[in-house]
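These notes concern the structure reproduced below.
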Amino acid sequence: SVKSTSNRRLEIQLAMGGGRLMVLVEDPRVSAPKHLVDAEVRVRGVAAGRFNPNRQLLFPVLIVPGLQFVVQERPALPEPFASPERAATELFRYAPDSDWRHRCVVRGVVTHHWPLKAVFLRSGMASLFVEGELPASLQPGDRIDVAGFPAVGQHAAYLESSVCRVTGHGPAPTPVPVSIFSILGGSIHHCELVALEGRLIETSRLRDNWILTLKSEDQGEDHVWEAHLRVASNDLAAIPWPVGSRLRLSGVCWLDRVVQRPGTVLLPGSFHLL
């Protein structure tokens, strides 16, 4: 990705074999060269880094005085949606000749949307989280193509620095009825649209979100979980359900943390609904 920062620098993110590298161009006169996005480049600069108060390196940085030190060796494709199409389940799946440094295109149906920040997709039998500068007008049920860079999150692969185009419209997707056991047992994908029942035990307001705390019984055990309902900052209406109400909520299942079980499989330790 390439973007201008508030302190009149250019910030370039490079995808490399070992991860991501930030490049800072210290020239306030230049604008963001969007043609370099997804191009292969060679950069010469000074190695630096970002450190915490304990002088521990958080991530490396390469500082260059101008764009003349960023040389394009292989141009990007003429437009983002000319990138190869991938299934959501293929992202970062092992293959001897795989190369995940470049953009790819994933098709899917919108299940949830954070305006201008991110979108959640149902793509085939999988779910996918997508970050980027995305239209505020997206709605559940919209069919879209997304062109973005594959990245690895705590629970699943996702796309970052993405752009999208709407290819059609349809009814909002139907949530999958689930239980607490199916979520914590790993049967439910990260960011999957689900429906879950529980008894309301507490409500609170945090900025633009109502936080509902619920309790559900599954296999003889009580589990406490949360649902986050996004509302406008000027919406002062109270939650219409009293504490003790039995609710059936639909939303995207966001897995919060993982626990190590015997073997190499990581399973969710907690979750909340969006």
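Chain identifiers are assigned as A, B, and so on, following the order in which chains appear in the structure tokens; residues are numbered from 1 within each chain, and ligands are numbered from 1 in order of appearance.
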
- Neighbours of Leu214 of chain A within 10 Å (only C-alpha atoms; same-chain residues fewer than 3 positions away dropped), as a ChimeraX atom specification? /A:197-203,211,223-227,243-247

- Message: I'd like the neighbourhood of Asp142 of chain A as a list in words, where a residue qualifies if any of its atoms comes within 8 Å (using only C-alpha atoms), though same-chain residues fewer than 3 positions away should be ignored.
- Response: Val109, Val110, Leu138, Gln139, Val166, Thr167, Gly168, His169, Gly170, Pro171 and Ala172 of chain A

- Query: Among segment 26-260 of chain A, which residues carry a DSSP assignment of strand (DSSP E or B), reported as an MDAnalysis selection string?
  - Reply: chainID A and resid 40:43 46:51 57:64 70:74 85 104:114 118:123 126:132 143:152 157:168 176:177 193:206 209:218 221:230 246:260

- Hey, what's within 8 Å of Arg42 of chain A if we count only C-alpha atoms and toss same-chain stuff fewer than 6 positions away? As a VMD selection string, please? chain A and resid 70 to 73

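Taking atom CA of Leu24 of chain A as the reference point, atom CA of Glu131 of chain A is found at 21.8 Å.
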
- Message: Neighbouring residues of Ser250 of chain A were defined as those with any atom within 7 Å, considering only C-alpha atoms; residues of the same chain fewer than 2 positions away were excluded. Please report them as a list in words.
- Response: Pro175, Val194, Ala195, Leu196 and Arg248 of chain A

Can you write just those residues out, all heavy atoms, as a short mmCIF file (atom, residue, chain, number, x, y, z; two decimals), in the first residue's frame?
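again_39.cif, freshly written:
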data_model
loop_
_atom_site.label_atom_id
_atom_site.label_comp_id
_atom_site.auth_asym_id
_atom_site.auth_seq_id
_atom_site.Cartn_x
_atom_site.Cartn_y
_atom_site.Cartn_z
N PRO A 175 -28.46 -16.24 8.71
CA PRO A 175 -27.47 -16.68 9.70
C PRO A 175 -27.58 -18.17 9.99
O PRO A 175 -28.66 -18.76 9.87
CB PRO A 175 -27.80 -15.85 10.93
CG PRO A 175 -29.23 -15.47 10.76
CD PRO A 175 -29.46 -15.33 9.29
N VAL A 194 -23.91 -15.87 12.22
CA VAL A 194 -24.53 -16.91 13.03
C VAL A 194 -25.73 -16.33 13.79
O VAL A 194 -25.92 -15.12 13.87
CB VAL A 194 -23.52 -17.50 14.04
CG1 VAL A 194 -22.32 -18.09 13.33
CG2 VAL A 194 -23.08 -16.45 15.06
N ALA A 195 -26.52 -17.22 14.36
CA ALA A 195 -27.62 -16.86 15.27
C ALA A 195 -27.45 -17.66 16.54
O ALA A 195 -27.22 -18.87 16.51
CB ALA A 195 -28.97 -17.16 14.62
N LEU A 196 -27.55 -16.97 17.69
CA LEU A 196 -27.30 -17.61 18.97
C LEU A 196 -28.28 -17.07 20.00
O LEU A 196 -28.58 -15.87 20.01
CB LEU A 196 -25.86 -17.32 19.42
CG LEU A 196 -25.37 -17.95 20.72
CD1 LEU A 196 -25.41 -19.47 20.64
CD2 LEU A 196 -23.94 -17.47 21.01
N ARG A 248 -32.70 -13.96 20.86
CA ARG A 248 -32.03 -14.67 19.76
C ARG A 248 -31.36 -13.61 18.90
O ARG A 248 -32.05 -12.81 18.25
CB ARG A 248 -33.01 -15.49 18.93
CG ARG A 248 -32.36 -16.31 17.81
CD ARG A 248 -33.41 -17.11 17.04
NE ARG A 248 -32.83 -18.02 16.08
CZ ARG A 248 -32.56 -17.69 14.82
NH1 ARG A 248 -32.83 -16.46 14.38
NH2 ARG A 248 -32.03 -18.57 13.99
#

- Within 7 Å of Leu91 of chain A, counting only C-alpha atoms, which residues qualify if same-chain residues fewer than 2 places away don't, as a list in words? Ala88, Thr89, Arg93, Pro150 and Ala157 of chain A

Pull all heavy atoms from the residues just selected and write them as a compact mmCIF listing (two decimals), in the first residue's frame.
# COMPACT_ATOMS: atom_id res chain seq x y z
N ALA A 88 -11.84 -18.11 -0.98
CA ALA A 88 -11.45 -17.68 0.37
C ALA A 88 -10.75 -18.79 1.13
O ALA A 88 -9.85 -18.54 1.93
CB ALA A 88 -12.69 -17.20 1.13
N THR A 89 -11.13 -20.03 0.88
CA THR A 89 -10.51 -21.16 1.58
C THR A 89 -9.09 -21.43 1.11
O THR A 89 -8.36 -22.18 1.76
CB THR A 89 -11.36 -22.43 1.39
OG1 THR A 89 -11.59 -22.63 -0.02
CG2 THR A 89 -12.70 -22.30 2.10
N ARG A 93 -3.26 -21.33 2.10
CA ARG A 93 -3.19 -22.79 2.15
C ARG A 93 -1.89 -23.22 1.48
O ARG A 93 -1.52 -22.70 0.42
CB ARG A 93 -4.39 -23.40 1.47
CG ARG A 93 -4.39 -24.93 1.47
CD ARG A 93 -5.70 -25.49 0.96
NE ARG A 93 -6.78 -25.25 1.92
CZ ARG A 93 -8.04 -25.62 1.71
NH1 ARG A 93 -8.38 -26.19 0.57
NH2 ARG A 93 -8.96 -25.37 2.63
N PRO A 150 -3.50 -10.66 0.55
CA PRO A 150 -3.69 -11.66 1.60
C PRO A 150 -2.78 -11.38 2.80
O PRO A 150 -1.61 -11.00 2.66
CB PRO A 150 -3.31 -12.98 0.92
CG PRO A 150 -3.44 -12.71 -0.55
CD PRO A 150 -3.07 -11.28 -0.73
N ALA A 157 -6.90 -16.19 7.68
CA ALA A 157 -6.40 -15.27 6.67
C ALA A 157 -7.47 -14.23 6.36
O ALA A 157 -8.67 -14.49 6.50
CB ALA A 157 -6.02 -16.04 5.41

- So how many Å separate atom CA of Asp145 of chain A and atom CA of Phe81 of chain A, to one decimal? 8.0 Å

- Note on the structure: Of A:Pro140, A:Ser187, A:Ala87, A:Leu273, the one nearest to Thr213 of chain A when counting only C-alpha atoms is A:Leu273
